[in-house]
Amino acid sequence: KYKRSFARPDILKPNKDGSWNLYEVKSSTSVKETYYADCAFQKYCYEGAGIKIRKVYVVYINNEYTKNGPIDPKGLFVVEEITEAVESLVGNVEDQIDRMVDIIKQKDCPDIKIGTQCDDPYPCPLKIVCWNFLPKESVFILNRIHKKKAFELVNSGVHHIKDVPGDYALSASQRVQCDCHASGEAKVDPAAIKV
């Protein structure tokens with residue numbers, strides 16, 4: 001714990017000189033951009049609390065590993081050093097914490113429209129609150145709709161699948177879906193299901 005930050009490491013490994021190496025363990029098969037910020041926050045917190053971090057690593061799954069007999073942890077995991085990238089971000093952590101605290105202290109919730117940020121880099125826990133204006137049969141249930149297209153519809157005021165304009169560019173199966181929701185009737189293609 002340091003100032004207004006708290007972190008709990010996956011692995012802290014001591015070095016002989018009194019410093020520590022930080023290992024962040026992930027279930028992914030590569031290093032993702034968000035891991036750098038996560039590790040920078042941890043390094044800021046630990047060093048502020050008096051724990052010197054010498055090196056930072058991400059441990060992730062080796063997707064080329066094949067199990068033959070007992071699991072070989074050295075083969076199953078990849079350990080990648082990211083110290084330099086993390087170090088370049090540590091200086092911004094305190095400013096970002098200040099920004100977050102300022103937002104938390106606001107009396108009113110920031111007016112931010114729903115968008116791709118709601119699931120990037122992780123699903124937002126407030127999604128259930130912010131998305132509650134959408135009907136159960138929203139445009140997001142359209143078969144294979146690209147998120148960008150769904151947000152385009154929502155931002156233009158079209159929320160329910162039955163309200164998608166007839167001239168809006170959709171695939172044939174998406175158009176059938178809209179028509180069925182608008183009419184309240186199922187569409188059956190006997191020729192397509194004939195055995």
# chains A, B, ... in the order shown; residues from 1 in each chain; ligands from 1
>>> select_by_dssp(residues="segment 44-163 of chain A", states="alpha helix (DSSP H)", output="PyMOL selection string")
chain A and resi 44-48+73-76+83-90+93-105+127-130+147-155
>>> write_last_selection(atoms="N, CA and C atoms", output="compact mmCIF listing (two decimals), in the first residue's frame")
# COMPACT_ATOMS: atom_id res chain seq x y z
N TYR A 44 4.98 1.22 -9.28
CA TYR A 44 4.79 2.50 -8.58
C TYR A 44 4.41 2.25 -7.12
N CYS A 45 3.46 1.37 -6.91
CA CYS A 45 2.96 1.08 -5.57
C CYS A 45 4.03 0.42 -4.71
N TYR A 46 4.69 -0.60 -5.22
CA TYR A 46 5.69 -1.33 -4.43
C TYR A 46 6.89 -0.44 -4.10
N GLU A 47 7.36 0.30 -5.09
CA GLU A 47 8.53 1.14 -4.83
C GLU A 47 8.19 2.28 -3.89
N GLY A 48 6.98 2.81 -4.00
CA GLY A 48 6.54 3.83 -3.05
C GLY A 48 6.49 3.30 -1.63
N PRO A 73 6.46 -27.17 -16.54
CA PRO A 73 6.16 -25.74 -16.37
C PRO A 73 7.04 -24.84 -17.23
N LYS A 74 8.29 -25.20 -17.43
CA LYS A 74 9.19 -24.36 -18.24
C LYS A 74 8.78 -24.37 -19.70
N GLY A 75 8.14 -25.43 -20.15
CA GLY A 75 7.66 -25.50 -21.52
C GLY A 75 6.27 -24.89 -21.68
N LEU A 76 5.46 -25.00 -20.63
CA LEU A 76 4.09 -24.52 -20.68
C LEU A 76 4.00 -23.00 -20.66
N THR A 83 10.60 -4.82 -18.47
CA THR A 83 11.06 -3.78 -17.55
C THR A 83 11.13 -2.41 -18.20
N GLU A 84 11.75 -2.32 -19.36
CA GLU A 84 11.95 -1.03 -20.03
C GLU A 84 10.62 -0.35 -20.37
N ALA A 85 9.71 -1.13 -20.93
CA ALA A 85 8.40 -0.57 -21.29
C ALA A 85 7.64 -0.11 -20.05
N VAL A 86 7.72 -0.88 -18.99
CA VAL A 86 7.03 -0.53 -17.74
C VAL A 86 7.64 0.73 -17.14
N GLU A 87 8.96 0.80 -17.14
CA GLU A 87 9.66 1.97 -16.56
C GLU A 87 9.23 3.26 -17.24
N SER A 88 8.98 3.20 -18.54
CA SER A 88 8.59 4.42 -19.28
C SER A 88 7.19 4.90 -18.88
N LEU A 89 6.40 4.05 -18.24
CA LEU A 89 5.03 4.41 -17.86
C LEU A 89 4.88 4.80 -16.39
N VAL A 90 5.82 4.39 -15.56
CA VAL A 90 5.70 4.60 -14.11
C VAL A 90 5.54 6.07 -13.76
N VAL A 93 1.87 7.32 -13.56
CA VAL A 93 0.89 6.63 -12.72
C VAL A 93 0.22 7.57 -11.72
N GLU A 94 1.00 8.39 -11.04
CA GLU A 94 0.42 9.26 -10.02
C GLU A 94 -0.59 10.25 -10.62
N ASP A 95 -0.28 10.80 -11.78
CA ASP A 95 -1.22 11.70 -12.45
C ASP A 95 -2.52 10.97 -12.82
N GLN A 96 -2.39 9.73 -13.27
CA GLN A 96 -3.57 8.95 -13.63
C GLN A 96 -4.41 8.64 -12.39
N ILE A 97 -3.76 8.36 -11.28
CA ILE A 97 -4.49 8.12 -10.03
C ILE A 97 -5.23 9.39 -9.63
N ASP A 98 -4.56 10.54 -9.72
CA ASP A 98 -5.21 11.82 -9.40
C ASP A 98 -6.45 12.03 -10.26
N ARG A 99 -6.33 11.74 -11.58
CA ARG A 99 -7.46 11.89 -12.49
C ARG A 99 -8.62 10.98 -12.10
N MET A 100 -8.29 9.74 -11.74
CA MET A 100 -9.34 8.79 -11.36
C MET A 100 -10.03 9.23 -10.07
N VAL A 101 -9.25 9.70 -9.12
CA VAL A 101 -9.83 10.16 -7.85
C VAL A 101 -10.73 11.37 -8.09
N ASP A 102 -10.31 12.28 -8.96
CA ASP A 102 -11.16 13.44 -9.30
C ASP A 102 -12.49 12.99 -9.90
N ILE A 103 -12.45 12.00 -10.75
CA ILE A 103 -13.68 11.47 -11.36
C ILE A 103 -14.57 10.83 -10.30
N ILE A 104 -13.96 10.07 -9.41
CA ILE A 104 -14.73 9.41 -8.35
C ILE A 104 -15.41 10.43 -7.44
N LYS A 105 -14.76 11.57 -7.22
CA LYS A 105 -15.30 12.60 -6.33
C LYS A 105 -16.43 13.43 -6.96
N LYS A 127 -21.45 -1.82 -16.95
CA LYS A 127 -22.15 -2.01 -18.22
C LYS A 127 -23.64 -2.25 -17.98
N ILE A 128 -23.96 -3.01 -16.95
CA ILE A 128 -25.36 -3.31 -16.65
C ILE A 128 -26.16 -2.04 -16.33
N VAL A 129 -25.49 -1.03 -15.81
CA VAL A 129 -26.14 0.25 -15.50
C VAL A 129 -26.23 1.12 -16.76
N CYS A 130 -25.11 1.28 -17.43
CA CYS A 130 -25.05 2.19 -18.58
C CYS A 130 -25.83 1.68 -19.80
N LYS A 147 -19.63 -4.68 -34.09
CA LYS A 147 -19.92 -3.72 -33.01
C LYS A 147 -20.01 -2.29 -33.53
N LYS A 148 -19.14 -1.93 -34.46
CA LYS A 148 -19.14 -0.57 -34.99
C LYS A 148 -20.50 -0.24 -35.60
N LYS A 149 -21.07 -1.20 -36.33
CA LYS A 149 -22.37 -1.00 -36.96
C LYS A 149 -23.48 -0.89 -35.92
N ALA A 150 -23.40 -1.74 -34.90
CA ALA A 150 -24.42 -1.69 -33.84
C ALA A 150 -24.37 -0.35 -33.11
N PHE A 151 -23.18 0.15 -32.81
CA PHE A 151 -23.06 1.45 -32.14
C PHE A 151 -23.53 2.58 -33.06
N GLU A 152 -23.29 2.43 -34.35
CA GLU A 152 -23.77 3.42 -35.32
C GLU A 152 -25.30 3.52 -35.25
N LEU A 153 -25.96 2.37 -35.18
CA LEU A 153 -27.42 2.35 -35.07
C LEU A 153 -27.88 2.98 -33.75
N VAL A 154 -27.27 2.57 -32.65
CA VAL A 154 -27.66 3.09 -31.34
C VAL A 154 -27.46 4.60 -31.29
N ASN A 155 -26.33 5.08 -31.79
CA ASN A 155 -26.05 6.52 -31.77
C ASN A 155 -27.00 7.32 -32.67
>>> residues_around(residues="segment 164-166 of chain A", least_positions_apart="6", cutoff="9 Å", atoms="only C-alpha atoms", output="ChimeraX atom specification")
/A:139,153,158,175,178-179
>>> residues_around(residues="Lys32 of chain A", least_positions_apart="3", cutoff="12 Å", atoms="only C-alpha atoms", output="list in words")
Glu24, Lys26, Ser27, Ser28, Thr29, Tyr35, Tyr36, Ala37, Asp38, Cys39, Val58, Val59, Tyr60, Glu80, Ile82, Ala85, Asp120, Pro121 and Tyr122 of chain A
>>> write_last_selection(atoms="N, CA and C atoms", output="compact mmCIF listing (two decimals), in the first residue's frame")
# COMPACT_ATOMS: atom_id res chain seq x y z
N GLU A 24 4.15 -10.95 -13.44
CA GLU A 24 2.71 -10.84 -13.61
C GLU A 24 2.28 -12.03 -14.46
N LYS A 26 -0.38 -14.25 -16.57
CA LYS A 26 -1.59 -14.06 -17.36
C LYS A 26 -1.99 -15.38 -18.03
N SER A 27 -3.27 -15.52 -18.30
CA SER A 27 -3.76 -16.74 -18.96
C SER A 27 -3.79 -16.59 -20.48
N SER A 28 -3.23 -15.51 -21.00
CA SER A 28 -3.22 -15.29 -22.45
C SER A 28 -2.02 -15.99 -23.08
N THR A 29 -1.90 -15.84 -24.40
CA THR A 29 -0.78 -16.46 -25.12
C THR A 29 0.18 -15.43 -25.69
N TYR A 35 -1.06 -4.93 -20.10
CA TYR A 35 -0.19 -5.50 -19.07
C TYR A 35 0.89 -4.52 -18.64
N TYR A 36 1.34 -3.68 -19.58
CA TYR A 36 2.38 -2.70 -19.25
C TYR A 36 1.87 -1.72 -18.20
N ALA A 37 0.66 -1.22 -18.41
CA ALA A 37 0.07 -0.26 -17.46
C ALA A 37 -0.18 -0.93 -16.11
N ASP A 38 -0.65 -2.16 -16.14
CA ASP A 38 -0.89 -2.91 -14.91
C ASP A 38 0.41 -3.04 -14.11
N CYS A 39 1.47 -3.45 -14.78
CA CYS A 39 2.76 -3.63 -14.11
C CYS A 39 3.37 -2.30 -13.67
N VAL A 58 6.31 -10.65 -17.63
CA VAL A 58 4.98 -11.20 -17.82
C VAL A 58 5.16 -12.68 -18.11
N VAL A 59 4.37 -13.49 -17.43
CA VAL A 59 4.38 -14.94 -17.63
C VAL A 59 3.06 -15.30 -18.30
N TYR A 60 3.14 -15.94 -19.47
CA TYR A 60 1.93 -16.30 -20.20
C TYR A 60 2.06 -17.69 -20.81
N GLU A 80 8.54 -13.31 -20.28
CA GLU A 80 9.05 -12.22 -21.11
C GLU A 80 9.30 -10.99 -20.26
N ILE A 82 9.64 -7.15 -19.46
CA ILE A 82 9.04 -5.92 -19.98
C ILE A 82 9.47 -4.70 -19.16
N ALA A 85 9.71 -1.13 -20.93
CA ALA A 85 8.40 -0.57 -21.29
C ALA A 85 7.64 -0.11 -20.05
N ASP A 120 -13.22 -2.80 -23.54
CA ASP A 120 -11.81 -2.72 -23.89
C ASP A 120 -11.05 -1.90 -22.85
N PRO A 121 -10.10 -2.45 -22.15
CA PRO A 121 -9.51 -3.77 -22.37
C PRO A 121 -10.26 -4.91 -21.71
N TYR A 122 -11.15 -4.59 -20.77
CA TYR A 122 -11.94 -5.61 -20.08
C TYR A 122 -13.39 -5.14 -20.01
>>> select_by_dssp(residues="segment 11-79 of chain A", states="strand (DSSP E or B)", output="list in words")
Ile11, Leu12, Lys13, Pro14, Trp20, Asn21, Leu22, Tyr23, Glu24, Val25, Ile53, Arg54, Lys55, Val56, Tyr57, Val58, Val59, Tyr60, Ile61, Phe77, Val78 and Val79 of chain A
>>> write_last_selection(atoms="N, CA, C and O atoms", output="PDB file, in the first residue's frame")
ATOM      1  N   ILE A  11       3.675 -12.774  -8.361  1.00  0.00           N
ATOM      2  CA  ILE A  11       4.936 -13.329  -7.844  1.00  0.00           C
ATOM      3  C   ILE A  11       5.932 -12.192  -7.639  1.00  0.00           C
ATOM      4  O   ILE A  11       6.153 -11.376  -8.537  1.00  0.00           O
ATOM      5  N   LEU A  12       6.533 -12.142  -6.470  1.00  0.00           N
ATOM      6  CA  LEU A  12       7.683 -11.268  -6.194  1.00  0.00           C
ATOM      7  C   LEU A  12       8.838 -12.183  -5.816  1.00  0.00           C
ATOM      8  O   LEU A  12       8.736 -12.955  -4.862  1.00  0.00           O
ATOM      9  N   LYS A  13       9.921 -12.116  -6.579  1.00  0.00           N
ATOM     10  CA  LYS A  13      11.068 -12.992  -6.339  1.00  0.00           C
ATOM     11  C   LYS A  13      12.234 -12.143  -5.854  1.00  0.00           C
ATOM     12  O   LYS A  13      12.634 -11.192  -6.533  1.00  0.00           O
ATOM     13  N   PRO A  14      12.789 -12.472  -4.668  1.00  0.00           N
ATOM     14  CA  PRO A  14      13.873 -11.650  -4.125  1.00  0.00           C
ATOM     15  C   PRO A  14      15.195 -11.851  -4.871  1.00  0.00           C
ATOM     16  O   PRO A  14      15.485 -12.934  -5.366  1.00  0.00           O
ATOM     17  N   TRP A  20      13.793  -6.806  -5.821  1.00  0.00           N
ATOM     18  CA  TRP A  20      12.855  -7.875  -6.154  1.00  0.00           C
ATOM     19  C   TRP A  20      12.553  -7.854  -7.648  1.00  0.00           C
ATOM     20  O   TRP A  20      12.611  -6.812  -8.281  1.00  0.00           O
ATOM     21  N   ASN A  21      12.214  -9.011  -8.194  1.00  0.00           N
ATOM     22  CA  ASN A  21      11.712  -9.109  -9.559  1.00  0.00           C
ATOM     23  C   ASN A  21      10.218  -9.386  -9.488  1.00  0.00           C
ATOM     24  O   ASN A  21       9.762 -10.210  -8.694  1.00  0.00           O
ATOM     25  N   LEU A  22       9.458  -8.665 -10.302  1.00  0.00           N
ATOM     26  CA  LEU A  22       8.006  -8.783 -10.338  1.00  0.00           C
ATOM     27  C   LEU A  22       7.597  -9.650 -11.522  1.00  0.00           C
ATOM     28  O   LEU A  22       8.050  -9.423 -12.647  1.00  0.00           O
ATOM     29  N   TYR A  23       6.739 -10.634 -11.261  1.00  0.00           N
ATOM     30  CA  TYR A  23       6.210 -11.505 -12.312  1.00  0.00           C
ATOM     31  C   TYR A  23       4.691 -11.380 -12.320  1.00  0.00           C
ATOM     32  O   TYR A  23       4.035 -11.664 -11.317  1.00  0.00           O
ATOM     33  N   GLU A  24       4.150 -10.948 -13.442  1.00  0.00           N
ATOM     34  CA  GLU A  24       2.705 -10.839 -13.608  1.00  0.00           C
ATOM     35  C   GLU A  24       2.278 -12.029 -14.462  1.00  0.00           C
ATOM     36  O   GLU A  24       2.723 -12.186 -15.605  1.00  0.00           O
ATOM     37  N   VAL A  25       1.429 -12.899 -13.917  1.00  0.00           N
ATOM     38  CA  VAL A  25       1.036 -14.135 -14.590  1.00  0.00           C
ATOM     39  C   VAL A  25      -0.318 -13.924 -15.276  1.00  0.00           C
ATOM     40  O   VAL A  25      -1.276 -13.475 -14.655  1.00  0.00           O
ATOM     41  N   ILE A  53      11.990  -2.663  -7.135  1.00  0.00           N
ATOM     42  CA  ILE A  53      11.742  -3.626  -8.223  1.00  0.00           C
ATOM     43  C   ILE A  53      12.852  -3.474  -9.254  1.00  0.00           C
ATOM     44  O   ILE A  53      13.017  -2.412  -9.842  1.00  0.00           O
ATOM     45  N   ARG A  54      13.614  -4.542  -9.472  1.00  0.00           N
ATOM     46  CA  ARG A  54      14.709  -4.491 -10.444  1.00  0.00           C
ATOM     47  C   ARG A  54      14.227  -4.820 -11.855  1.00  0.00           C
ATOM     48  O   ARG A  54      14.498  -4.104 -12.799  1.00  0.00           O
ATOM     49  N   LYS A  55      13.502  -5.919 -11.990  1.00  0.00           N
ATOM     50  CA  LYS A  55      13.031  -6.345 -13.311  1.00  0.00           C
ATOM     51  C   LYS A  55      11.549  -6.725 -13.233  1.00  0.00           C
ATOM     52  O   LYS A  55      11.058  -7.155 -12.190  1.00  0.00           O
ATOM     53  N   VAL A  56      10.872  -6.559 -14.380  1.00  0.00           N
ATOM     54  CA  VAL A  56       9.446  -6.879 -14.471  1.00  0.00           C
ATOM     55  C   VAL A  56       9.249  -7.864 -15.626  1.00  0.00           C
ATOM     56  O   VAL A  56       9.790  -7.661 -16.717  1.00  0.00           O
ATOM     57  N   TYR A  57       8.477  -8.908 -15.335  1.00  0.00           N
ATOM     58  CA  TYR A  57       8.224  -9.946 -16.329  1.00  0.00           C
ATOM     59  C   TYR A  57       6.731 -10.221 -16.443  1.00  0.00           C
ATOM     60  O   TYR A  57       5.990 -10.080 -15.474  1.00  0.00           O
ATOM     61  N   VAL A  58       6.314 -10.653 -17.633  1.00  0.00           N
ATOM     62  CA  VAL A  58       4.977 -11.199 -17.821  1.00  0.00           C
ATOM     63  C   VAL A  58       5.159 -12.680 -18.112  1.00  0.00           C
ATOM     64  O   VAL A  58       6.000 -13.074 -18.913  1.00  0.00           O
ATOM     65  N   VAL A  59       4.369 -13.495 -17.425  1.00  0.00           N
ATOM     66  CA  VAL A  59       4.381 -14.940 -17.632  1.00  0.00           C
ATOM     67  C   VAL A  59       3.057 -15.296 -18.304  1.00  0.00           C
ATOM     68  O   VAL A  59       1.992 -14.953 -17.800  1.00  0.00           O
ATOM     69  N   TYR A  60       3.141 -15.943 -19.471  1.00  0.00           N
ATOM     70  CA  TYR A  60       1.928 -16.299 -20.199  1.00  0.00           C
ATOM     71  C   TYR A  60       2.063 -17.691 -20.805  1.00  0.00           C
ATOM     72  O   TYR A  60       3.131 -18.303 -20.764  1.00  0.00           O
ATOM     73  N   ILE A  61       0.973 -18.191 -21.340  1.00  0.00           N
ATOM     74  CA  ILE A  61       0.903 -19.562 -21.860  1.00  0.00           C
ATOM     75  C   ILE A  61       1.627 -19.683 -23.206  1.00  0.00           C
ATOM     76  O   ILE A  61       1.433 -18.861 -24.092  1.00  0.00           O
ATOM     77  N   PHE A  77       4.949 -22.353 -19.986  1.00  0.00           N
ATOM     78  CA  PHE A  77       4.900 -20.896 -19.827  1.00  0.00           C
ATOM     79  C   PHE A  77       6.031 -20.195 -20.573  1.00  0.00           C
ATOM     80  O   PHE A  77       7.116 -20.736 -20.721  1.00  0.00           O
ATOM     81  N   VAL A  78       5.743 -18.987 -21.004  1.00  0.00           N
ATOM     82  CA  VAL A  78       6.753 -18.102 -21.571  1.00  0.00           C
ATOM     83  C   VAL A  78       6.956 -16.984 -20.551  1.00  0.00           C
ATOM     84  O   VAL A  78       5.985 -16.436 -20.033  1.00  0.00           O
ATOM     85  N   VAL A  79       8.211 -16.661 -20.265  1.00  0.00           N
ATOM     86  CA  VAL A  79       8.523 -15.560 -19.352  1.00  0.00           C
ATOM     87  C   VAL A  79       9.201 -14.476 -20.180  1.00  0.00           C
ATOM     88  O   VAL A  79      10.277 -14.688 -20.734  1.00  0.00           O
TER      89      VAL A  79
END
>>> closest_atom_pairs(of="segment 104-147 of chain A", to="segment 181-186 of chain A", cutoff="12 Å", atoms="only C-alpha atoms", output="CSV")
residue,atom,partner,partner_atom,distance
A:Lys136,CA,A:His181,CA,11.9
A:Glu137,CA,A:His181,CA,8.5
A:Ser138,CA,A:His181,CA,10.5
A:Val139,CA,A:His181,CA,10.9
A:Ile141,CA,A:His181,CA,11.3
A:Leu142,CA,A:His181,CA,10.7
